[in-house]
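Dumped run27.csv below, it's CSV, C-alpha atoms:
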chain,number,residue,atom,x,y,z
A,1,MET,CA,-53.7,-108.1,35.7
A,2,ALA,CA,-53.6,-104.7,37.3
A,3,ASN,CA,-52.8,-103.3,40.7
A,4,ILE,CA,-55.3,-101.4,42.9
A,5,PHE,CA,-52.6,-99.0,44.1
A,6,ALA,CA,-51.3,-98.1,40.7
A,7,ASN,CA,-52.1,-95.2,38.4
A,8,ILE,CA,-53.2,-92.8,41.1
A,9,PRO,CA,-52.9,-89.2,39.8
A,10,LYS,CA,-50.5,-86.9,41.6
A,11,GLU,CA,-53.3,-84.3,41.9
A,12,LEU,CA,-56.7,-85.1,43.1
A,13,PRO,CA,-58.9,-82.0,42.8
A,14,ALA,CA,-61.9,-84.3,43.3
A,15,GLU,CA,-62.5,-87.8,44.6
A,16,LEU,CA,-61.7,-90.3,41.8
A,17,PHE,CA,-64.3,-93.0,41.0
A,18,GLU,CA,-63.3,-95.7,38.5
A,19,ASP,CA,-65.2,-98.9,37.5
A,20,ILE,CA,-63.1,-102.0,37.6
A,21,VAL,CA,-66.0,-104.4,36.7
A,22,ARG,CA,-69.6,-103.7,35.6
A,23,ASN,CA,-71.4,-106.8,34.8
A,24,ASN,CA,-74.6,-108.7,35.7
A,25,GLY,CA,-75.9,-105.8,37.8
A,26,VAL,CA,-72.7,-105.9,39.9
A,27,GLU,CA,-70.2,-103.0,40.0
A,28,ILE,CA,-66.7,-103.2,41.5
A,29,GLU,CA,-65.3,-99.7,41.9
A,30,ARG,CA,-62.1,-98.1,43.0
A,31,ILE,CA,-62.4,-94.8,44.9
A,32,VAL,CA,-59.4,-92.6,45.7
A,33,SER,CA,-59.8,-89.8,48.2
A,34,LYS,CA,-57.3,-87.4,49.8
A,35,GLY,CA,-58.9,-85.1,52.3
A,36,HIS,CA,-62.2,-85.1,50.5
A,37,SER,CA,-65.6,-85.6,52.1
A,38,SER,CA,-69.2,-85.6,51.0
A,39,PRO,CA,-71.1,-82.3,50.6
A,40,LEU,CA,-72.4,-81.1,53.9
A,41,ASP,CA,-76.0,-81.1,52.6
A,42,GLY,CA,-77.7,-84.4,51.6
A,43,TRP,CA,-76.8,-88.1,51.9
A,44,TYR,CA,-75.8,-90.9,49.7
A,45,GLU,CA,-78.9,-93.1,49.4
A,46,GLN,CA,-78.1,-95.8,46.9
A,47,PRO,CA,-80.6,-98.3,45.3
A,48,ARG,CA,-78.1,-101.2,45.7
A,49,ASN,CA,-76.3,-102.7,48.6
A,50,GLU,CA,-72.7,-101.7,48.9
A,51,TRP,CA,-69.8,-103.5,50.5
A,52,VAL,CA,-66.8,-101.3,50.9
A,53,ILE,CA,-63.3,-101.8,52.2
A,54,VAL,CA,-60.5,-99.3,52.9
A,55,LEU,CA,-57.2,-100.7,51.5
A,56,GLN,CA,-55.0,-97.8,52.2
A,57,GLY,CA,-55.4,-94.6,54.2
A,58,GLN,CA,-58.3,-93.9,56.5
A,59,ALA,CA,-61.8,-92.4,56.5
A,60,MET,CA,-64.8,-91.7,58.5
A,61,LEU,CA,-68.3,-92.6,57.4
A,62,VAL,CA,-71.4,-91.1,59.1
A,63,PHE,CA,-74.9,-92.4,59.0
A,64,ALA,CA,-78.2,-90.6,59.3
A,65,ASP,CA,-78.6,-91.7,62.9
A,66,GLN,CA,-75.3,-89.9,63.6
A,67,GLN,CA,-73.4,-93.1,64.1
A,68,GLU,CA,-69.8,-92.6,62.9
A,69,VAL,CA,-67.4,-95.3,61.8
A,70,HIS,CA,-63.6,-94.9,61.5
A,71,LEU,CA,-62.2,-97.1,58.8
A,72,LYS,CA,-58.5,-98.0,58.6
A,73,ALA,CA,-56.6,-100.3,56.2
A,74,GLY,CA,-58.4,-103.6,55.9
A,75,ASP,CA,-61.6,-102.4,57.6
A,76,TYR,CA,-64.8,-103.2,55.7
A,77,ILE,CA,-68.5,-102.4,56.2
A,78,GLU,CA,-71.7,-103.4,54.5
A,79,ILE,CA,-74.1,-100.5,53.7
A,80,PRO,CA,-77.6,-101.9,52.9
A,81,ALA,CA,-79.5,-100.3,50.0
A,82,LEU,CA,-81.2,-97.0,50.9
A,83,GLN,CA,-79.2,-96.6,54.1
A,84,LYS,CA,-78.3,-92.9,54.2
A,85,HIS,CA,-74.6,-92.3,54.7
A,86,LYS,CA,-71.8,-89.9,53.8
A,87,VAL,CA,-68.1,-89.6,54.0
A,88,SER,CA,-67.3,-87.1,56.8
A,89,TRP,CA,-63.5,-87.3,56.6
A,90,THR,CA,-60.7,-88.8,54.7
A,91,ASP,CA,-57.0,-88.6,55.5
A,92,PRO,CA,-55.5,-85.4,54.1
A,93,ASP,CA,-51.9,-86.7,54.1
A,94,VAL,CA,-52.2,-89.9,52.1
A,95,GLU,CA,-54.4,-91.3,49.4
A,96,THR,CA,-57.2,-93.3,50.8
A,97,VAL,CA,-57.9,-96.2,48.4
A,98,TRP,CA,-61.4,-97.8,48.7
A,99,LEU,CA,-62.8,-100.8,47.0
A,100,ALA,CA,-66.6,-100.8,46.7
A,101,VAL,CA,-68.8,-103.6,45.5
A,102,HIS,CA,-72.4,-102.6,44.6
A,103,TYR,CA,-74.8,-105.5,44.2
B,1,MET,CA,-67.4,-103.3,60.8
B,2,ALA,CA,-64.7,-105.9,60.6
B,3,ASN,CA,-61.1,-106.2,59.3
B,4,ILE,CA,-60.1,-108.4,56.4
B,5,PHE,CA,-56.7,-109.2,58.1
B,6,ALA,CA,-58.3,-110.1,61.5
B,7,ASN,CA,-59.2,-113.5,62.9
B,8,ILE,CA,-56.7,-115.5,60.9
B,9,PRO,CA,-56.1,-118.9,62.6
B,10,LYS,CA,-52.5,-119.6,63.8
B,11,GLU,CA,-52.6,-123.0,62.1
B,12,LEU,CA,-53.9,-123.4,58.5
B,13,PRO,CA,-53.9,-127.1,57.7
B,14,ALA,CA,-56.0,-126.3,54.7
B,15,GLU,CA,-56.9,-123.1,52.8
B,16,LEU,CA,-59.5,-121.1,54.6
B,17,PHE,CA,-62.6,-120.0,52.6
B,18,GLU,CA,-65.1,-117.7,54.3
B,19,ASP,CA,-68.2,-115.9,52.9
B,20,ILE,CA,-68.3,-112.2,53.8
B,21,VAL,CA,-71.4,-111.5,51.7
B,22,ARG,CA,-73.8,-113.8,49.8
B,23,ASN,CA,-76.7,-111.9,48.3
B,24,ASN,CA,-78.5,-111.4,45.0
B,25,GLY,CA,-76.3,-114.1,43.3
B,26,VAL,CA,-73.1,-112.3,44.4
B,27,GLU,CA,-70.6,-113.8,46.7
B,28,ILE,CA,-67.8,-111.9,48.4
B,29,GLU,CA,-65.3,-114.3,49.9
B,30,ARG,CA,-62.1,-114.1,51.9
B,31,ILE,CA,-59.5,-116.8,51.2
B,32,VAL,CA,-56.4,-117.4,53.3
B,33,SER,CA,-53.6,-119.5,52.0
B,34,LYS,CA,-50.1,-120.3,53.4
B,35,GLY,CA,-48.1,-122.5,51.1
B,36,HIS,CA,-51.2,-124.2,49.8
B,37,SER,CA,-51.9,-124.8,46.1
B,38,SER,CA,-54.6,-126.5,44.1
B,39,PRO,CA,-54.5,-130.3,43.6
B,40,LEU,CA,-52.2,-131.3,40.8
B,41,ASP,CA,-55.1,-133.0,39.0
B,42,GLY,CA,-58.0,-131.0,37.7
B,43,TRP,CA,-58.9,-127.3,37.3
B,44,TYR,CA,-61.2,-124.8,38.9
B,45,GLU,CA,-63.9,-124.2,36.3
B,46,GLN,CA,-66.5,-122.0,37.9
B,47,PRO,CA,-70.0,-121.2,36.6
B,48,ARG,CA,-69.7,-117.5,37.5
B,49,ASN,CA,-67.2,-114.8,36.8
B,50,GLU,CA,-64.6,-114.2,39.5
B,51,TRP,CA,-62.7,-111.0,40.3
B,52,VAL,CA,-59.9,-111.7,42.7
B,53,ILE,CA,-57.3,-109.5,44.4
B,54,VAL,CA,-54.4,-110.4,46.7
B,55,LEU,CA,-54.3,-108.1,49.7
B,56,GLN,CA,-51.4,-109.6,51.5
B,57,GLY,CA,-48.7,-112.2,50.6
B,58,GLN,CA,-48.3,-113.5,47.1
B,59,ALA,CA,-49.5,-116.3,44.8
B,60,MET,CA,-49.2,-117.8,41.4
B,61,LEU,CA,-52.3,-118.6,39.3
B,62,VAL,CA,-51.9,-120.9,36.2
B,63,PHE,CA,-54.4,-121.2,33.4
B,64,ALA,CA,-55.2,-124.2,31.1
B,65,ASP,CA,-53.1,-122.6,28.3
B,66,GLN,CA,-50.1,-122.7,30.7
B,67,GLN,CA,-50.1,-118.9,31.2
B,68,GLU,CA,-48.9,-118.2,34.7
B,69,VAL,CA,-49.6,-115.0,36.7
B,70,HIS,CA,-47.7,-113.9,39.8
B,71,LEU,CA,-50.0,-111.8,42.1
B,72,LYS,CA,-48.6,-109.6,44.8
B,73,ALA,CA,-50.3,-107.3,47.3
B,74,GLY,CA,-52.8,-105.1,45.4
B,75,ASP,CA,-52.7,-107.2,42.2
B,76,TYR,CA,-56.1,-108.2,40.8
B,77,ILE,CA,-57.3,-110.3,37.9
B,78,GLU,CA,-60.7,-111.1,36.4
B,79,ILE,CA,-61.3,-114.8,35.7
B,80,PRO,CA,-64.3,-115.2,33.3
B,81,ALA,CA,-66.8,-118.0,34.0
B,82,LEU,CA,-65.6,-121.4,32.9
B,83,GLN,CA,-62.0,-120.3,32.4
B,84,LYS,CA,-59.9,-123.2,33.8
B,85,HIS,CA,-57.4,-122.1,36.4
B,86,LYS,CA,-55.7,-123.3,39.5
B,87,VAL,CA,-53.4,-121.9,42.2
B,88,SER,CA,-49.9,-123.2,41.5
B,89,TRP,CA,-48.2,-121.6,44.5
B,90,THR,CA,-48.8,-119.4,47.5
B,91,ASP,CA,-46.1,-117.9,49.8
B,92,PRO,CA,-45.2,-120.5,52.5
B,93,ASP,CA,-43.8,-117.8,54.9
B,94,VAL,CA,-46.8,-115.4,55.3
B,95,GLU,CA,-50.5,-115.7,55.1
B,96,THR,CA,-51.8,-114.8,51.7
B,97,VAL,CA,-55.1,-113.0,52.0
B,98,TRP,CA,-57.3,-113.0,48.9
B,99,LEU,CA,-60.6,-111.2,48.3
B,100,ALA,CA,-62.8,-112.8,45.7
B,101,VAL,CA,-66.0,-111.5,44.2
B,102,HIS,CA,-68.1,-114.1,42.3
B,103,TYR,CA,-70.8,-112.7,40.1
Would it be possible to restate this file's structure as structure tokens?
Amino acid sequence: MANIFANIPKELPAELFEDIVRNNGVEIERIVSKGHSSPLDGWYEQPRNEWVIVLQGQAMLVFADQQEVHLKAGDYIEIPALQKHKVSWTDPDVETVWLAVHY
Amino acid sequence: MANIFANIPKELPAELFEDIVRNNGVEIERIVSKGHSSPLDGWYEQPRNEWVIVLQGQAMLVFADQQEVHLKAGDYIEIPALQKHKVSWTDPDVETVWLAVHY
């Protein structure tokens, strides 16, 4: 047993990506952000579907069609494979804890 | 976008199981319990691995070797395929919200 909110480093010079499960083509990942966002250039365009939930903090996702989504604790969204997206903002004052399932 | 804590019925005569994603052999499921536990007889013995996290409330899982695990908000555990387990207790005073990934 472990806790999703435990073992968060005091300093986060970059976003923290950690695999929790990687098995049968499925990946369950914890991401911790604090004021980070994606590079201005380029998009995430992933080969697999992603289901992502914000468990603490808040964040903004933006899609290639300029649609922007504000995620707060408990909010989740499904990002189909190859859908271009990026993180445009995360809360600078608290750690934003994401849980992502890639499948 | 949706919220994992939204749309919880006021009355929960039985545990509530709802698929969020079912795709490529992967199932992401929300479970809501309030004082429910598994039947005294028998065990869950699932063909797939299960990764489960408690997001609100608290619960006890028991395994066939009598090991008991107390899960509170943020606690997660991996239950390998075919490992016999059951829910021995969930908080009777608040809704326990679980997120389960079967893979």
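Restricting the calculation to only C-alpha atoms, the smallest distance between chain B and any of A:Ala14, A:Ile8, A:Val26, A:Leu99 is found for A:Val26.
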With 8 Å as the limit and counting all atoms listed in the file, what residues in chain A lie close to chain B? Please list them as a compact mmCIF listing (two decimals) with C-alpha atoms, keeping the file's coordinate frame.
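See part.txt below for the written result:
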# COMPACT_ATOMS: atom_id res chain seq x y z
CA MET A 1 -53.70 -108.10 35.70
CA ALA A 2 -53.60 -104.70 37.30
CA ASN A 3 -52.80 -103.30 40.70
CA ILE A 4 -55.30 -101.40 42.90
CA PHE A 5 -52.60 -99.00 44.10
CA ASN A 23 -71.40 -106.80 34.80
CA ASN A 24 -74.60 -108.70 35.70
CA VAL A 26 -72.70 -105.90 39.90
CA GLY A 74 -58.40 -103.60 55.90
CA ASP A 75 -61.60 -102.40 57.60
CA TYR A 76 -64.80 -103.20 55.70
CA ILE A 77 -68.50 -102.40 56.20
CA GLU A 78 -71.70 -103.40 54.50
CA TYR A 103 -74.80 -105.50 44.20
Between A:Glu68, A:Ser33, A:Gln46, A:Gly57, which is the closest to Leu82 (chain A) once you count only C-alpha atoms?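 With only C-alpha atoms as the atom set, the closest residue is A:Gln46.
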Can you write out as a tab-separated table which residues of region 56-98 of chain B fall within 9 Å of region 29-32 of chain B, alongside each residue's closest atom pair and its distance in Å to one decimal, counting all atoms listed in the file and ordering rows by chain and ascending residue number?
residue	atom	partner	partner_atom	distance
B:Glu95	CA	B:Val32	CA	6.4
B:Thr96	CA	B:Val32	CA	5.5
B:Val97	CA	B:Val32	CA	4.8
B:Trp98	CA	B:Ile31	CA	5.0
Least-squares Cα fit of chain B to chain A, output as a CSV table (one decimal) with C-alpha atoms, in the frame of the given file:
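Result file selection34.csv:
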chain,number,residue,atom,x,y,z
B,1,MET,CA,-53.7,-108.1,35.7
B,2,ALA,CA,-53.5,-104.7,37.3
B,3,ASN,CA,-52.8,-103.2,40.7
B,4,ILE,CA,-55.3,-101.5,42.9
B,5,PHE,CA,-52.6,-99.0,44.2
B,6,ALA,CA,-51.3,-98.2,40.6
B,7,ASN,CA,-52.1,-95.2,38.4
B,8,ILE,CA,-53.1,-92.8,41.1
B,9,PRO,CA,-53.0,-89.2,39.8
B,10,LYS,CA,-50.5,-86.9,41.6
B,11,GLU,CA,-53.2,-84.2,41.9
B,12,LEU,CA,-56.8,-85.2,43.1
B,13,PRO,CA,-58.9,-82.0,42.9
B,14,ALA,CA,-61.9,-84.2,43.3
B,15,GLU,CA,-62.5,-87.8,44.5
B,16,LEU,CA,-61.6,-90.3,41.8
B,17,PHE,CA,-64.3,-93.0,41.0
B,18,GLU,CA,-63.3,-95.7,38.5
B,19,ASP,CA,-65.2,-98.9,37.5
B,20,ILE,CA,-63.1,-102.0,37.6
B,21,VAL,CA,-66.0,-104.3,36.7
B,22,ARG,CA,-69.6,-103.7,35.7
B,23,ASN,CA,-71.4,-106.9,34.8
B,24,ASN,CA,-74.6,-108.7,35.6
B,25,GLY,CA,-75.9,-105.8,37.8
B,26,VAL,CA,-72.6,-105.8,39.9
B,27,GLU,CA,-70.3,-103.0,40.0
B,28,ILE,CA,-66.7,-103.2,41.4
B,29,GLU,CA,-65.3,-99.7,41.9
B,30,ARG,CA,-62.1,-98.1,43.0
B,31,ILE,CA,-62.4,-94.8,44.9
B,32,VAL,CA,-59.5,-92.6,45.7
B,33,SER,CA,-59.9,-89.8,48.2
B,34,LYS,CA,-57.3,-87.4,49.8
B,35,GLY,CA,-58.9,-85.1,52.3
B,36,HIS,CA,-62.2,-85.1,50.4
B,37,SER,CA,-65.6,-85.6,52.1
B,38,SER,CA,-69.2,-85.6,51.0
B,39,PRO,CA,-71.1,-82.3,50.6
B,40,LEU,CA,-72.4,-81.1,53.9
B,41,ASP,CA,-76.0,-81.1,52.5
B,42,GLY,CA,-77.6,-84.4,51.6
B,43,TRP,CA,-76.8,-88.1,51.9
B,44,TYR,CA,-75.8,-90.9,49.7
B,45,GLU,CA,-78.9,-93.1,49.4
B,46,GLN,CA,-78.1,-95.8,46.9
B,47,PRO,CA,-80.6,-98.3,45.3
B,48,ARG,CA,-78.2,-101.2,45.7
B,49,ASN,CA,-76.3,-102.7,48.6
B,50,GLU,CA,-72.7,-101.6,49.0
B,51,TRP,CA,-69.8,-103.5,50.5
B,52,VAL,CA,-66.8,-101.2,51.0
B,53,ILE,CA,-63.3,-101.8,52.3
B,54,VAL,CA,-60.5,-99.3,52.8
B,55,LEU,CA,-57.2,-100.7,51.5
B,56,GLN,CA,-55.0,-97.8,52.2
B,57,GLY,CA,-55.3,-94.5,54.3
B,58,GLN,CA,-58.3,-93.9,56.5
B,59,ALA,CA,-61.8,-92.4,56.5
B,60,MET,CA,-64.8,-91.7,58.6
B,61,LEU,CA,-68.3,-92.7,57.4
B,62,VAL,CA,-71.4,-91.1,59.2
B,63,PHE,CA,-74.9,-92.4,59.0
B,64,ALA,CA,-78.3,-90.6,59.2
B,65,ASP,CA,-78.6,-91.7,62.9
B,66,GLN,CA,-75.3,-89.9,63.6
B,67,GLN,CA,-73.4,-93.2,64.1
B,68,GLU,CA,-69.8,-92.6,62.9
B,69,VAL,CA,-67.4,-95.3,61.8
B,70,HIS,CA,-63.6,-94.8,61.5
B,71,LEU,CA,-62.2,-97.2,58.7
B,72,LYS,CA,-58.6,-98.0,58.5
B,73,ALA,CA,-56.6,-100.2,56.2
B,74,GLY,CA,-58.4,-103.6,55.9
B,75,ASP,CA,-61.6,-102.4,57.6
B,76,TYR,CA,-64.8,-103.2,55.7
B,77,ILE,CA,-68.5,-102.4,56.2
B,78,GLU,CA,-71.7,-103.4,54.5
B,79,ILE,CA,-74.1,-100.5,53.7
B,80,PRO,CA,-77.6,-101.9,52.9
B,81,ALA,CA,-79.5,-100.3,50.0
B,82,LEU,CA,-81.1,-97.0,50.9
B,83,GLN,CA,-79.2,-96.6,54.1
B,84,LYS,CA,-78.3,-92.9,54.2
B,85,HIS,CA,-74.6,-92.3,54.7
B,86,LYS,CA,-71.9,-89.9,53.8
B,87,VAL,CA,-68.1,-89.6,54.1
B,88,SER,CA,-67.3,-87.2,56.9
B,89,TRP,CA,-63.5,-87.3,56.6
B,90,THR,CA,-60.7,-88.8,54.7
B,91,ASP,CA,-57.0,-88.6,55.6
B,92,PRO,CA,-55.5,-85.3,54.0
B,93,ASP,CA,-51.9,-86.7,54.1
B,94,VAL,CA,-52.2,-90.0,52.1
B,95,GLU,CA,-54.4,-91.3,49.4
B,96,THR,CA,-57.2,-93.3,50.7
B,97,VAL,CA,-57.9,-96.2,48.4
B,98,TRP,CA,-61.4,-97.7,48.7
B,99,LEU,CA,-62.8,-100.8,47.0
B,100,ALA,CA,-66.6,-100.9,46.7
B,101,VAL,CA,-68.8,-103.6,45.5
B,102,HIS,CA,-72.4,-102.6,44.6
B,103,TYR,CA,-74.8,-105.4,44.2
Please measure the separation of CA of Pro9 (chain A) and CA of Ser38 (chain A), giving the value in Å to one decimal.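 About the pair CA of Pro9 (chain A) and CA of Ser38 (chain A): they are 20.1 Å apart.
Taking CA of Lys84 (chain A) as the reference point, CA of Val52 (chain A) is found at 14.6 Å.
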Work out how far CA of Phe17 (chain B) is from CA of Val62 (chain B), in Å to one decimal.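 Between CA of Val62 (chain B) and CA of Phe17 (chain B) the gap works out to 19.6 Å.
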Could you give me, as a list of chain:residue names, the residues that sit within 10 Å of (-57.0, -118.8, 27.0) in the file's coordinates, counting all atoms listed in the file?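 Every polymer residue passing the test: B:Phe63, B:Ala64, B:Asp65, B:Gln66, B:Gln67, B:Gln83, B:Lys84, B:His85.
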Which of these, A:Pro92, A:Ala59, A:Ile79, A:Asn7, has the shortest distance to Tyr44 (chain A) once you count all atoms listed in the file? A:Ile79
